[in-house]
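What follows is a set of notes on a single structure, which appears directly below.
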Amino acid sequence: MASREIYATGFDEDVQTDDQTNGCPECGGRVETNTVETVCEACGLVLAEHAIEHSGEPVYDDETERTGAPLTASRHDRGLSTTIGRKRDAKGNALSAKKRRQLGRLRREQKRGRFRSKQERNLSHGLGEVQRVVSVLDVDDTLREQACQLFRSAHTGGLLPGRSIEAVAAASVYAACRCTGRSLPLADVVEAAHVGENRVTNAYATLNQELGLPAQPMQPHAYLPRLASDLDVPDGVRRQARTLAERAEETQIVHGASPPGFAAACLYQAAQRADYRLTQAAVADVAGVAANTVRGHRDTLSNELE
């Protein structure tokens with residue numbers, strides 16, 4: 001047998017034309033084979049399909065071993081950087097003093113070459129600020145990833161120059177809450193970010209306008225669980241307050257009103273009906289509004305729903 005017949009020069013995945021057969025059984029046209037299927041060039045009839053697994057990870061019945069952590073949007077390099085150890089190697093054995101000094105020099109050089117430009121340094125600082133705000137607010141990891149992705153989009157879109165990185169990071173967290181329907185007050189985000197409320201508000205308006213965020217107006221009933229939990233009210237008062245809030249939303253009397261203030265008024269009104277002792281000052285303090293706001297919305301509920 002000739003050597004050229006033993007060592008083929010093509011691959012199974014290459015597109016091939018079947019000229020040895022009779023062609024397409026329907027029209028007699030030429031049959032072409034690619035990586036997915038065997039198809040007729042003339043009429044498009046699919047003669048055979050190739051079930052090739054193109055994924056990079058096999059599926060096992062038992063535990064699957066991975067070779068690294070998944071990519072994450074919370075780090076500027078998406079978690080692809082190398083971490084150099086300190087006192088022990090990968091097997092847990094103690095390193096010698098010479099090896100520890102060598103690793104110390106390597107860590108210093110790695111830290112110096114970590115960022116290729118000032119833009120990457122700003123991105124890393126902003127993502128760290130997003131994680132700090134998320135940690136203070138005690139929200140889940142899913143929202144953290146969404147907030148980090150929003151900050152990345154703002155960085156890529158050139159929205160950082162002329163604005164505070166801390167304000168854009170706080171606005172990214174607040175925007176992620178608004179897009180996912182979380183009832184997180186802006187005052188809490190501002191307090192966690194340690195920046196002015198006007199800066200965060202302006203940064204959020206810029207993100208909303210430039211990135212086209214799918215943020216929906218918040219409804220009062222979304223703030224009720226947090227208010228009721230902070231005030232530790234009974235379950236019956238909570239259910240009554242939610243009923244009041246939903247009725248108010250259906251009659252559209254909440255338009256133009258502050259959602260946290262209206263939610264506080266619903267909770268106060270429900271407590272009054274259940275003879276549960278709850279002051280307007282306490283509800284207003286938890287909601288972050290004035291007592292006059294709670295009183296005004298309470299009067300609106302009494303006039304419109306009763």
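Going through the structure tokens in order, the chains are called A, B, and so on, while each chain numbers its residues from 1 and the ligands are numbered from 1 in the order shown.
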| task | Could you pull out the residues in segment 64-232 of chain A that DSSP calls helix (DSSP H, G or I) from the backbone, as a ChimeraX atom specification? | result | /A:97-112,118-137,141-156,165-179,186-193,197-211,220-231
Applying 6 Å and only C-alpha atoms, which residues near segment 233-249 of chain A remain after dropping the ones on its own chain fewer than 3 positions away? List them as an mmCIF file with C-alpha atoms, in the first residue's frame.
```
data_model
loop_
_atom_site.group_PDB
_atom_site.id
_atom_site.type_symbol
_atom_site.label_atom_id
_atom_site.label_comp_id
_atom_site.auth_asym_id
_atom_site.auth_seq_id
_atom_site.Cartn_x
_atom_site.Cartn_y
_atom_site.Cartn_z
ATOM 1 C CA HIS A 221 -45.547 46.889 47.482
ATOM 2 C CA ALA A 228 -42.153 45.183 57.824
ATOM 3 C CA GLN A 252 -53.308 54.478 40.060
ATOM 4 C CA ILE A 253 -53.281 56.817 43.046
ATOM 5 C CA VAL A 254 -49.601 56.043 43.590
ATOM 6 C CA CYS A 266 -49.847 51.495 53.789
ATOM 7 C CA LEU A 267 -48.016 49.797 56.630
ATOM 8 C CA ALA A 270 -52.723 48.530 58.238
ATOM 9 C CA ALA A 271 -51.292 48.743 61.762
#
```
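Restricting the calculation to only C-alpha atoms, the smallest distance between Gly212 of chain A and any of A:Ser153, A:Ser164, A:Leu45, A:Leu227 is found for A:Ser153.
Non-sequential neighbours of Ala257 of chain A (distance at most 10 Å, separation of 6 or more positions within a chain, only C-alpha atoms) are A:Gln219, A:Pro220, A:Thr293, A:His297.
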Please produce a file of the residues just selected, as a PDB file, in the first residue's frame, where the atoms kept are C-alpha atoms.
```
ATOM      1  CA  GLN A 219     -44.079  50.065  43.102  1.00  0.00           C
ATOM      2  CA  PRO A 220     -44.861  50.574  46.814  1.00  0.00           C
ATOM      3  CA  THR A 293     -45.086  62.349  53.867  1.00  0.00           C
ATOM      4  CA  HIS A 297     -50.242  59.385  51.889  1.00  0.00           C
TER       5      HIS A 297
END
```
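Note that atom CA of Phe262 of chain A and atom CA of Arg199 of chain A are 25.5 Å apart.
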| request: Enter the distance from atom CA of Cys148 of chain A to atom CA of Glu197 of chain A, in Å, rounded to one decimal. | output: 20.2 Å
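Across the model, the gap from atom CA of Ala171 of chain A to atom CA of Asp230 of chain A is 24.4 Å.
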| request: Kindly indicate which residue among A:Arg273, A:Lys91, A:His125, A:Arg298 lies nearest to Phe151 of chain A, using only C-alpha atoms for the distances. | output: A:His125
